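Okay, structure first, notes after.
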2 protein chains.
Amino acid sequence: MSPKITVELLRKLRQVMKGSKYVAEPIQAYIIPSGDAHQSEYIAPCDCRREFICGFNGSAGTAIVTEQHAAMWTDGRYFLQASQQMDNNWTLMKMGLKETLSQEDWLISVLPENSKVGVDPWIIAADQWKTLAKALSSAGHSLVAVQQNLIDAIWEDRPARPSTQLSALGLKYTGLRWQDKVMQLRAKMAERKISWFVVTALDEVAWLFNLRGSDIEYNPVFFAYAIIGMNSIRLFLDEKRTADPVVRDHLVLTEPSKAELHVECLPYQRVHDELQAVCSTLGPKDKVWICDKASCALTQAIPKMHRAPIPYTPLCLAKAVKNPTEIQGMRMAHVSSHMHTPPHIPKGTVTEISAADRAEELRSQQKDFVGLSFPTISSVGPNGAIIHYRPLPETNRTLSLTELYLIDSGAQYRDGTTDVTRTMHFGTPTDYEKECFTYVLKGHIAVSAAVFPNGTKGHLLDSFARAALWDSGLDYLHGTGHGVGCFLNVHEGPCGISYKTFADEPLEAGMILSDEPGYYEDGSFGIRLENVVLVVPTKPKYNYRNRGSLTFEPITLVPIQLKMIRSELLTQKERDWLNDYHRKCQEIIGAELERQGRKEALDWLIRETQPIM
Amino acid sequence: MSPKITVELLRKLRQVMKGSKYVAEPIQAYIIPSGDAHQSEYIAPCDCRREFICGFNGSAGTAIVTEQHAAMWTDGRYFLQASQQMDNNWTLMKMGLKETLSQEDWLISVLPENSKVGVDPWIIAADQWKTLAKALSSAGHSLVAVQQNLIDAIWEDRPARPSTQLSALGLKYTGLRWQDKVMQLRAKMAERKISWFVVTALDEVAWLFNLRGSDIEYNPVFFAYAIIGMNSIRLFLDEKRTADPVVRDHLVLTEPSKAELHVECLPYQRVHDELQAVCSTLGPKDKVWICDKASCALTQAIPKMHRAPIPYTPLCLAKAVKNPTEIQGMRMAHVSSHMHTPPHIPKGTVTEISAADRAEELRSQQKDFVGLSFPTISSVGPNGAIIHYRPLPETNRTLSLTELYLIDSGAQYRDGTTDVTRTMHFGTPTDYEKECFTYVLKGHIAVSAAVFPNGTKGHLLDSFARAALWDSGLDYLHGTGHGVGCFLNVHEGPCGISYKTFADEPLEAGMILSDEPGYYEDGSFGIRLENVVLVVPTKPKYNYRNRGSLTFEPITLVPIQLKMIRSELLTQKERDWLNDYHRKCQEIIGAELERQGRKEALDWLIRETQPIM
């Protein structure tokens, strides 16, 4: 992987930072956050501004360019990748390490007195703006909203914003009509005396209206906003979509409907002005809900006295707790997703890319397949240590009998979203590789089998995944789990299992998360074991204060390679968990393989799910 | 325990809330927080305003009185106690339960429109003021600073503020002269470009100046503030203390000293005006550090542009990491503290009170004893379920052969502070009691033996203490550990082990905390096992990214009753930990008992520390 050469780009950017064409006064620093105007994690090509300016294309990272410096902050998953993709005009700022300055502290340390720091107010979240503006002003600088994006200004062949065909999901997939979702939302608004709610996250718009698109690769979402009042629904999206009969039917645009369920479709660009117009009609006690992670531009369109920012919107919470139809869909999607076997014992012909392609091909043959849910991480040996690795022709390694192989992959089906990671060896793993694998497995089981009271927050389970690694002085620098959408984003809030989170919402029965501890040795190998798990009620021996208890049920049903396990390091309870899990894989996936007449895969499955002693 | 009758008091309070004597305009609600002007956890009698108004005397709780309602918020440790101490004019608000409204939500739900909510700005912390003011104003109400405390206004025989004799601690106890502590503090201020630092917490003043007092029972502190500049030191305390030759000598007030180490002593009441005076001389870039938990009154004395609020002060952090002299002192104090045995097999003559008195008497015979570090919790059977129980003549139960006995006690020695809890049975415990005890022990060991990387925050260890309880559907509603001062407060920040905390500082070698999981069955029994533990470096098999690992070393050395343990529920690793721990108790405490010629206690110790299989 060779770094992007950025000398010329930085020169141009610094020029527009100084010039009067886009900024009223010269700015001394410009911040390029990673997201789009909806604070999406995955973004469309037209929004890949941070990648454009520095070359680093991971999912998280913020670049800052000053007159003298250029620095990029990212987290432990990406240290290696970022250092390979950026040229030496850039300084990599390793987040999470004690010695690494925060963005504000770094700015304060490098800026001349009374500097202006610019940022696109559509790309920066309101809560980040607030923190940053405060820190900068306390040091005598100021944060400035630059309306015209300066990267767009220097980006000559910037792609257009996508506007793909939308599809409507019926009750069979959603379990709830969009009209009922709107009514439930309004009930929550009424409960909290809220008059309006601005929907800014793309997956929330998609979930609310039971619509899906493909504007962003891997994420079945589409560019849109919504403003929901107690008696009105405004949906902002590309105008040509409103002409689509599927959309018109689904949203009942064609016939007169009850006034409060009538959807008024407006152009995507109109959201800011329309929100201002709505706000100009507000009474003194009217409040508008907006996520505190929404863009600064939209947030500030609401006068402060009417603004009620919330860390997680009611849609985010409602979407996280899957209804029975969605849970059943997620189970079906996982069965579909598992109709493939690992690559054959390699003869030097299978590569990271061909193995990934083969997995995609087999998945795509299944019913309701839509596409992948994220770029497949198919990595051999040292590539496995690059946590969010994606095989490219120039890095593509061949699967062999001597190196570990890690594959993290998933797909979108119309009934659900999948995400699974397995690590395997086709020859004879070393004792050390097996030892590390076994610690990771112990961590995986510790979370998956954990019993915890109702009301427990996910971050409190994170250490369970690490205890076995910590005991031996090992660790991994990423969280243990993330929420998973149902035919939606593979990463979704508000719940996760991570030491980095703290203000998370308590786990609830019906939530679906990943459980994915790992261990990575730079230059050697990577290990990760990931299942998607469902939060379910459980009844342990006692029931303290009638609080009730929860645990996890794996939805992912893929064998965990037995030859990698040093079974003497497992407790009897852990061995029982593994044998139970493998029995379930054999039963459920085996039945479907049999139904599809996939004899070879079935034989493999039976071999790989034998109980261990 | 009979509740305090508060009809008349509430009538008087509501009268002054309406009258014009103390408030410019009538207020519709008055908040009575638990603390004093230093946000101390333990407070002097003159500051027990919340207890005065509602009767509840636990260490944490906030009362709010409106024209119609009176409500008091406290946490799980105190639900039972508070419900017994308050009459039915009061509603108990159980914090931590999902259905319990927060103070602001409750106020908003009960107040008439445009209400004024009053609070004493010296008693409320600046960060709480901010949150509350914001929530109230967003609902159309306002938070008002009432300068004269309204409880003081109706409290006829309110005690005077104490001003006890101070004592100076030499290098032998502190390991560092106060002058060196000031210089180290200034180095940290210089590093962060801070010109002034306001010391508001009593234990920080005491630690910084190596002085101790006894203004607050159980806490060797004294009422004082300090304002530290780069070239000046202002200490605010009762004037008669400045006349004390011990203080004068220790602070070098008697002879000319280097200007920047000269201590200017000023009257306690002058702090606000003096801080305002200091602030009036500031340049535009000057910043003043003050803890965000300091009083609203003092915080607002600093103009906003100069204010640099911090969650934990550098003194709080420096104090938490004990130096070798302090660690040695803490070890010695624990040996002294353990020179007593549990009460004899009871013949119906030993009560909760007499057992507590006997423990205190034996402790007080040891060198350097100063007093208890908190009121002894000595509780039999159902009283053990009142987490912060304190035996009173009317609740005093007799130790028996049929009920569990829980004793949580500690003392202040000039070299350190102790805090230990043991639970024991003098007859034959039930299987269920033993089962619960064993889960608590498993949790205690899980924390104590945990290995974790440098940089880990304490809250991430909390679930280790609960896993065994959770597995059986049990739990406890308090944190697992708190920082422990060295001849200072038995509870100190910034580190702890609790699911309630999240913005805590990482654990560091040299920090001293408690490890105290429990289990409580209302109306039946309470179990808690508490050791004070020292954070120490450890070297596991590997050392991922050279981060280094930490673990805990118990400083408390008191046997854990073997008859309460269902050893078949322990893993081999847990049994090994227990046997090692008991061997250490026998060696270290045994040697001292032998030296003191305490044959009977030594025999008991040897019996109680036999290895289990």
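Residues in the structure tokens are named by chain (A, B, ... in the order shown) and by number from 1 within that chain; ligands are numbered from 1 in the order shown.
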
Which residues of chain A come within 6 Å of chain B, and what is each one's closest atom pair and distance in Å (one decimal), counting only C-alpha atoms, sorted by chain and residue number, as a Markdown table?
```
| residue | atom | partner | partner_atom | distance |
| --- | --- | --- | --- | --- |
| A:Val451 | CA | B:Asp471 | CA | 5.2 |
| A:Phe452 | CA | B:Trp470 | CA | 5.2 |
| A:Trp470 | CA | B:Phe452 | CA | 5.2 |
| A:Asp471 | CA | B:Val451 | CA | 5.2 |
| A:Ser472 | CA | B:Pro540 | CA | 5.1 |
| A:Gly473 | CA | B:Tyr542 | CA | 4.8 |
| A:Leu474 | CA | B:Tyr544 | CA | 5.1 |
| A:Phe502 | CA | B:Phe502 | CA | 6.0 |
| A:Pro540 | CA | B:Ser472 | CA | 5.2 |
| A:Lys541 | CA | B:Ser472 | CA | 5.2 |
| A:Tyr542 | CA | B:Gly473 | CA | 4.8 |
| A:Asn543 | CA | B:Gly473 | CA | 5.0 |
| A:Tyr544 | CA | B:Leu474 | CA | 5.1 |
```

Please produce a file of those selected residues containing C-alpha atoms, as a compact mmCIF listing (two decimals), in the first residue's frame.
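Final output, saved to result-v4.txt:
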```txt
# COMPACT_ATOMS: atom_id res chain seq x y z
CA VAL A 451 -26.09 -13.32 32.94
CA PHE A 452 -26.79 -9.77 34.10
CA TRP A 470 -5.47 -9.40 30.52
CA ASP A 471 -4.45 -12.29 32.78
CA SER A 472 -1.67 -13.03 30.30
CA GLY A 473 -0.78 -9.39 29.64
CA LEU A 474 -2.67 -9.23 26.32
CA PHE A 502 -20.27 5.16 29.15
CA PRO A 540 -31.35 -17.83 36.96
CA LYS A 541 -31.82 -19.55 40.34
CA TYR A 542 -32.85 -16.36 42.18
CA ASN A 543 -34.48 -13.07 41.18
CA TYR A 544 -33.12 -10.24 43.34
```

As a PyMOL selection string, please: every residue in stretch 38-150 of chain A that a backbone DSSP assignment puts in strand (DSSP E).
chain A and resi 62-66+70-74+91-94+116-119+142-145

Once you have the residues from the selection above, write them out as a compact mmCIF listing (two decimals), in the first residue's frame, restricted to N, CA and C atoms.
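Result went into again_2.txt, see below:
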```txt
# COMPACT_ATOMS: atom_id res chain seq x y z
N THR A 62 -10.34 12.15 11.87
CA THR A 62 -10.53 13.57 11.61
C THR A 62 -9.19 14.18 11.23
N ALA A 63 -9.20 14.94 10.14
CA ALA A 63 -7.97 15.60 9.68
C ALA A 63 -8.05 17.08 10.03
N ILE A 64 -6.92 17.65 10.41
CA ILE A 64 -6.86 19.10 10.62
C ILE A 64 -5.63 19.64 9.90
N VAL A 65 -5.85 20.68 9.12
CA VAL A 65 -4.75 21.30 8.37
C VAL A 65 -4.57 22.73 8.86
N THR A 66 -3.35 23.06 9.25
CA THR A 66 -3.03 24.45 9.60
C THR A 66 -2.06 24.97 8.55
N ALA A 70 -0.25 19.29 9.29
CA ALA A 70 -1.42 18.51 8.88
C ALA A 70 -1.42 17.27 9.76
N ALA A 71 -2.51 17.06 10.48
CA ALA A 71 -2.56 15.93 11.43
C ALA A 71 -3.88 15.21 11.28
N MET A 72 -3.87 13.91 11.58
CA MET A 72 -5.07 13.10 11.41
C MET A 72 -5.22 12.17 12.63
N TRP A 73 -6.38 12.27 13.28
CA TRP A 73 -6.68 11.48 14.48
C TRP A 73 -7.48 10.24 14.10
N THR A 74 -7.02 9.08 14.56
CA THR A 74 -7.87 7.89 14.41
C THR A 74 -7.60 6.96 15.59
N THR A 91 0.82 13.95 10.15
CA THR A 91 1.18 13.34 11.43
C THR A 91 -0.01 12.49 11.88
N LEU A 92 0.26 11.22 12.20
CA LEU A 92 -0.80 10.35 12.69
C LEU A 92 -0.98 10.57 14.19
N MET A 93 -2.17 10.92 14.62
CA MET A 93 -2.46 11.14 16.03
C MET A 93 -3.21 9.93 16.56
N LYS A 94 -2.54 9.15 17.40
CA LYS A 94 -3.10 7.87 17.85
C LYS A 94 -4.02 8.08 19.04
N LYS A 116 -8.31 31.73 13.83
CA LYS A 116 -9.65 31.27 13.44
C LYS A 116 -9.52 29.85 12.91
N VAL A 117 -10.39 28.98 13.44
CA VAL A 117 -10.40 27.58 13.02
C VAL A 117 -11.71 27.35 12.28
N GLY A 118 -11.62 26.92 11.02
CA GLY A 118 -12.83 26.75 10.22
C GLY A 118 -13.29 25.31 10.17
N VAL A 119 -14.59 25.15 9.99
CA VAL A 119 -15.16 23.81 9.79
C VAL A 119 -16.49 23.97 9.07
N SER A 142 -11.00 31.19 17.84
CA SER A 142 -12.43 31.03 17.62
C SER A 142 -12.71 29.99 16.55
N LEU A 143 -13.85 29.33 16.70
CA LEU A 143 -14.28 28.34 15.74
C LEU A 143 -15.26 29.03 14.79
N VAL A 144 -15.05 28.84 13.49
CA VAL A 144 -15.81 29.58 12.49
C VAL A 144 -16.52 28.59 11.56
N ALA A 145 -17.80 28.81 11.32
CA ALA A 145 -18.54 27.98 10.36
C ALA A 145 -18.24 28.46 8.95
```

Separation of atom CA of A:Lys573 and atom CA of A:Lys442, in Å?
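Computing the Euclidean distance for atom CA of A:Lys573 and atom CA of A:Lys442 yields 10.4 Å.
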
Interatomic distance between atom CA of B:Ala359 and atom CA of B:Gly526?
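So the two atoms, atom CA of B:Ala359 and atom CA of B:Gly526, lie 19.6 Å apart.
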
For A:Thr281, which residue among A:Thr200, A:Thr430, A:Ser295, A:Ser195 is the nearest when counting only C-alpha atoms?
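Among the listed residues, the smallest separation from A:Thr281 belongs to A:Ser195.
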
Who sits within 10 Å of B:Leu362, only C-alpha atoms, same chain under 5 positions skipped, as a list in words:
Ser336, Ser337, His338, Met339, His340, Thr341 and Asp357 of chain B

For stretch 106-111 of chain B: contacts at 8 Å, only C-alpha atoms, fewer than 4 positions along chain excluded, given as an mmCIF file with N, CA and C atoms, in the first residue's frame:
```
data_model
loop_
_atom_site.group_PDB
_atom_site.id
_atom_site.type_symbol
_atom_site.label_atom_id
_atom_site.label_comp_id
_atom_site.auth_asym_id
_atom_site.auth_seq_id
_atom_site.Cartn_x
_atom_site.Cartn_y
_atom_site.Cartn_z
ATOM 1 N N GLN B 28 -40.814 28.767 45.140
ATOM 2 C CA GLN B 28 -41.802 27.693 45.173
ATOM 3 C C GLN B 28 -41.176 26.354 45.566
ATOM 4 N N ALA B 29 -39.850 26.316 45.583
ATOM 5 C CA ALA B 29 -39.179 25.085 46.020
ATOM 6 C C ALA B 29 -37.837 25.472 46.625
ATOM 7 N N THR B 66 -41.315 21.742 48.423
ATOM 8 C CA THR B 66 -42.116 22.701 47.656
ATOM 9 C C THR B 66 -43.290 23.114 48.547
ATOM 10 N N LEU B 101 -38.021 9.485 39.245
ATOM 11 C CA LEU B 101 -37.736 10.727 38.526
ATOM 12 C C LEU B 101 -36.462 11.369 39.077
ATOM 13 N N SER B 102 -35.727 12.030 38.208
ATOM 14 C CA SER B 102 -34.587 12.817 38.683
ATOM 15 C C SER B 102 -35.140 14.043 39.400
ATOM 16 N N SER B 115 -41.944 28.898 38.095
ATOM 17 C CA SER B 115 -41.561 28.836 39.514
ATOM 18 C C SER B 115 -40.115 29.242 39.721
ATOM 19 N N LEU B 136 -34.199 23.429 34.556
ATOM 20 C CA LEU B 136 -35.324 24.213 35.049
ATOM 21 C C LEU B 136 -35.690 25.313 34.055
ATOM 22 N N ALA B 139 -37.704 24.460 31.189
ATOM 23 C CA ALA B 139 -39.117 24.198 31.468
ATOM 24 C C ALA B 139 -39.822 25.458 31.971
#
```

Applying 8 Å and only C-alpha atoms, which residues near stretch 389-406 of chain B remain after dropping the ones on its own chain fewer than 5 positions away? List them as an MDAnalysis selection string.
chainID B and resid 1 81 345:353 375:381 383:384 421:429 525:528

Could you write out the selected residues, including N, CA, C and O atoms, as a short mmCIF file (atom, residue, chain, number, x, y, z; two decimals), in the first residue's frame?
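Just written: out28.cif:
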```
data_model
loop_
_atom_site.label_atom_id
_atom_site.label_comp_id
_atom_site.auth_asym_id
_atom_site.auth_seq_id
_atom_site.Cartn_x
_atom_site.Cartn_y
_atom_site.Cartn_z
N MET B 1 -36.30 2.21 65.32
CA MET B 1 -35.98 3.55 64.85
C MET B 1 -37.29 4.27 64.51
O MET B 1 -38.03 3.81 63.64
N GLN B 81 -32.99 2.51 55.49
CA GLN B 81 -32.73 3.47 56.57
C GLN B 81 -33.56 4.75 56.40
O GLN B 81 -34.18 5.23 57.35
N ILE B 345 -17.55 -16.46 71.20
CA ILE B 345 -18.80 -17.18 70.94
C ILE B 345 -19.82 -16.66 71.95
O ILE B 345 -19.63 -16.75 73.16
N PRO B 346 -20.86 -16.07 71.48
CA PRO B 346 -21.70 -15.27 72.35
C PRO B 346 -22.56 -16.10 73.31
O PRO B 346 -23.04 -17.16 72.95
N LYS B 347 -22.67 -15.59 74.51
CA LYS B 347 -23.55 -16.21 75.51
C LYS B 347 -24.73 -15.28 75.74
O LYS B 347 -25.26 -15.19 76.83
N GLY B 348 -25.08 -14.53 74.71
CA GLY B 348 -26.20 -13.62 74.87
C GLY B 348 -25.84 -12.32 75.57
O GLY B 348 -26.71 -11.55 75.95
N THR B 349 -24.55 -12.08 75.77
CA THR B 349 -24.15 -10.86 76.49
C THR B 349 -23.51 -9.84 75.56
O THR B 349 -23.34 -8.69 75.92
N VAL B 350 -23.14 -10.27 74.36
CA VAL B 350 -22.48 -9.35 73.43
C VAL B 350 -23.53 -8.78 72.48
O VAL B 350 -24.30 -9.53 71.88
N THR B 351 -23.57 -7.46 72.36
CA THR B 351 -24.52 -6.82 71.46
C THR B 351 -23.76 -6.13 70.33
O THR B 351 -22.53 -6.01 70.38
N GLU B 352 -24.51 -5.64 69.37
CA GLU B 352 -23.90 -4.87 68.28
C GLU B 352 -23.06 -3.73 68.84
O GLU B 352 -21.92 -3.52 68.42
N ILE B 353 -23.63 -3.02 69.81
CA ILE B 353 -22.92 -1.86 70.37
C ILE B 353 -21.70 -2.29 71.18
O ILE B 353 -20.61 -1.74 71.01
N PRO B 375 -18.28 5.68 61.52
CA PRO B 375 -19.02 5.01 62.58
C PRO B 375 -19.07 3.51 62.29
O PRO B 375 -19.41 3.10 61.19
N THR B 376 -18.71 2.71 63.27
CA THR B 376 -18.67 1.27 63.06
C THR B 376 -20.06 0.74 62.70
O THR B 376 -21.05 1.08 63.35
N ILE B 377 -20.09 -0.07 61.64
CA ILE B 377 -21.32 -0.78 61.29
C ILE B 377 -21.20 -2.15 61.91
O ILE B 377 -20.40 -2.97 61.49
N SER B 378 -21.95 -2.37 62.98
CA SER B 378 -21.91 -3.65 63.69
C SER B 378 -23.35 -4.13 63.67
O SER B 378 -24.22 -3.52 64.28
N SER B 379 -23.63 -5.18 62.91
CA SER B 379 -25.03 -5.48 62.64
C SER B 379 -25.29 -6.98 62.65
O SER B 379 -24.54 -7.77 62.08
N VAL B 380 -26.38 -7.34 63.29
CA VAL B 380 -26.77 -8.74 63.45
C VAL B 380 -28.01 -9.00 62.59
O VAL B 380 -28.93 -8.18 62.58
N GLY B 381 -28.01 -10.13 61.90
CA GLY B 381 -29.20 -10.57 61.15
C GLY B 381 -29.75 -9.49 60.25
O GLY B 381 -29.01 -8.93 59.43
N ASN B 383 -30.43 -6.43 60.55
CA ASN B 383 -29.76 -5.12 60.55
C ASN B 383 -28.62 -5.08 59.54
O ASN B 383 -28.24 -4.01 59.06
N GLY B 384 -28.06 -6.24 59.22
CA GLY B 384 -26.98 -6.31 58.25
C GLY B 384 -27.42 -5.91 56.85
O GLY B 384 -26.60 -5.54 56.01
N THR B 421 -14.32 -4.91 56.30
CA THR B 421 -15.60 -5.54 56.62
C THR B 421 -15.46 -7.05 56.60
O THR B 421 -14.89 -7.60 55.66
N ARG B 422 -15.96 -7.69 57.65
CA ARG B 422 -16.06 -9.13 57.66
C ARG B 422 -17.46 -9.54 58.08
O ARG B 422 -18.13 -8.81 58.83
N THR B 423 -17.90 -10.68 57.57
CA THR B 423 -19.21 -11.22 57.91
C THR B 423 -18.96 -12.61 58.47
O THR B 423 -18.17 -13.37 57.90
N MET B 424 -19.59 -12.93 59.59
CA MET B 424 -19.31 -14.24 60.21
C MET B 424 -20.53 -14.80 60.90
O MET B 424 -21.53 -14.11 61.14
N HIS B 425 -20.44 -16.08 61.17
CA HIS B 425 -21.53 -16.78 61.85
C HIS B 425 -20.92 -17.52 63.03
O HIS B 425 -19.86 -18.13 62.89
N PHE B 426 -21.59 -17.45 64.18
CA PHE B 426 -21.02 -18.10 65.38
C PHE B 426 -21.63 -19.46 65.63
O PHE B 426 -21.23 -20.18 66.52
N GLY B 427 -22.66 -19.81 64.83
CA GLY B 427 -23.26 -21.14 64.98
C GLY B 427 -23.14 -21.87 63.66
O GLY B 427 -22.04 -21.95 63.10
N THR B 428 -24.26 -22.35 63.17
CA THR B 428 -24.24 -23.09 61.90
C THR B 428 -25.03 -22.30 60.86
O THR B 428 -26.25 -22.21 60.93
N PRO B 429 -24.32 -21.70 59.89
CA PRO B 429 -25.03 -20.93 58.85
C PRO B 429 -25.87 -21.85 57.97
O PRO B 429 -25.56 -23.05 57.85
N PHE B 525 -30.55 -10.73 56.32
CA PHE B 525 -29.12 -10.66 56.63
C PHE B 525 -28.40 -9.80 55.60
O PHE B 525 -28.94 -9.47 54.54
N GLY B 526 -27.18 -9.43 55.94
CA GLY B 526 -26.30 -8.74 55.01
C GLY B 526 -24.94 -9.39 55.03
O GLY B 526 -24.48 -9.88 56.07
N ILE B 527 -24.33 -9.42 53.84
CA ILE B 527 -22.98 -9.99 53.72
C ILE B 527 -22.13 -8.97 53.00
O ILE B 527 -22.56 -8.39 51.99
N ARG B 528 -20.95 -8.68 53.52
CA ARG B 528 -20.00 -7.85 52.77
C ARG B 528 -18.59 -8.29 53.15
O ARG B 528 -18.34 -8.61 54.32
#
```

Which neighbours of A:Arg331 fall inside 7 Å, counting only C-alpha atoms, when residues of the same chain fewer than 4 positions from it are skipped, and could you give them as number ranges by chain?
A: 327, 335, 555

Long-range neighbours of stretch 155-161 of chain A as an NGL selection string, 9 Å cut-off, only C-alpha atoms, 5 positions minimum in chain:
:A and (9 or 44-47 or 49 or 52 or 150 or 215 or 223)

Using only N, CA and C atoms, please write the residues we just selected to a file, as an mmCIF file, in the first residue's frame.
```
data_model
loop_
_atom_site.group_PDB
_atom_site.id
_atom_site.type_symbol
_atom_site.label_atom_id
_atom_site.label_comp_id
_atom_site.auth_asym_id
_atom_site.auth_seq_id
_atom_site.Cartn_x
_atom_site.Cartn_y
_atom_site.Cartn_z
ATOM 1 N N LEU A 9 -2.303 19.013 -2.964
ATOM 2 C CA LEU A 9 -3.630 19.219 -2.381
ATOM 3 C C LEU A 9 -3.561 20.136 -1.172
ATOM 4 N N ALA A 44 -20.963 8.172 1.345
ATOM 5 C CA ALA A 44 -20.949 8.097 -0.116
ATOM 6 C C ALA A 44 -19.636 8.704 -0.633
ATOM 7 N N PRO A 45 -19.217 8.309 -1.856
ATOM 8 C CA PRO A 45 -17.942 8.829 -2.401
ATOM 9 C C PRO A 45 -17.872 10.357 -2.376
ATOM 10 N N CYS A 46 -18.994 11.040 -2.645
ATOM 11 C CA CYS A 46 -18.947 12.504 -2.683
ATOM 12 C C CYS A 46 -18.638 13.105 -1.307
ATOM 13 N N ASP A 47 -18.793 12.295 -0.249
ATOM 14 C CA ASP A 47 -18.551 12.797 1.104
ATOM 15 C C ASP A 47 -17.204 12.350 1.687
ATOM 16 N N ARG A 49 -14.327 13.281 2.075
ATOM 17 C CA ARG A 49 -13.434 14.440 2.014
ATOM 18 C C ARG A 49 -12.151 14.218 2.797
ATOM 19 N N PHE A 52 -9.987 12.098 0.747
ATOM 20 C CA PHE A 52 -9.474 12.872 -0.377
ATOM 21 C C PHE A 52 -8.260 13.701 0.023
ATOM 22 N N LEU A 150 -14.460 23.599 1.976
ATOM 23 C CA LEU A 150 -13.201 23.937 1.301
ATOM 24 C C LEU A 150 -12.584 22.753 0.563
ATOM 25 N N ASP A 215 -27.919 4.436 -1.441
ATOM 26 C CA ASP A 215 -27.094 5.618 -1.708
ATOM 27 C C ASP A 215 -25.677 5.449 -1.164
ATOM 28 N N PHE A 223 -30.402 9.381 1.066
ATOM 29 C CA PHE A 223 -30.241 10.731 1.605
ATOM 30 C C PHE A 223 -31.603 11.374 1.814
#
```

So what do you get for atom CA of A:Arg50 versus atom CA of A:Glu360, distance-wise?
28.6 Å

As a ChimeraX atom specification, please: every residue in stretch 205-396 of chain B that DSSP puts in alpha helix (DSSP H).
/B:205-209,239-242,245-250,271-280,296-300,314-320,324-337,352-364
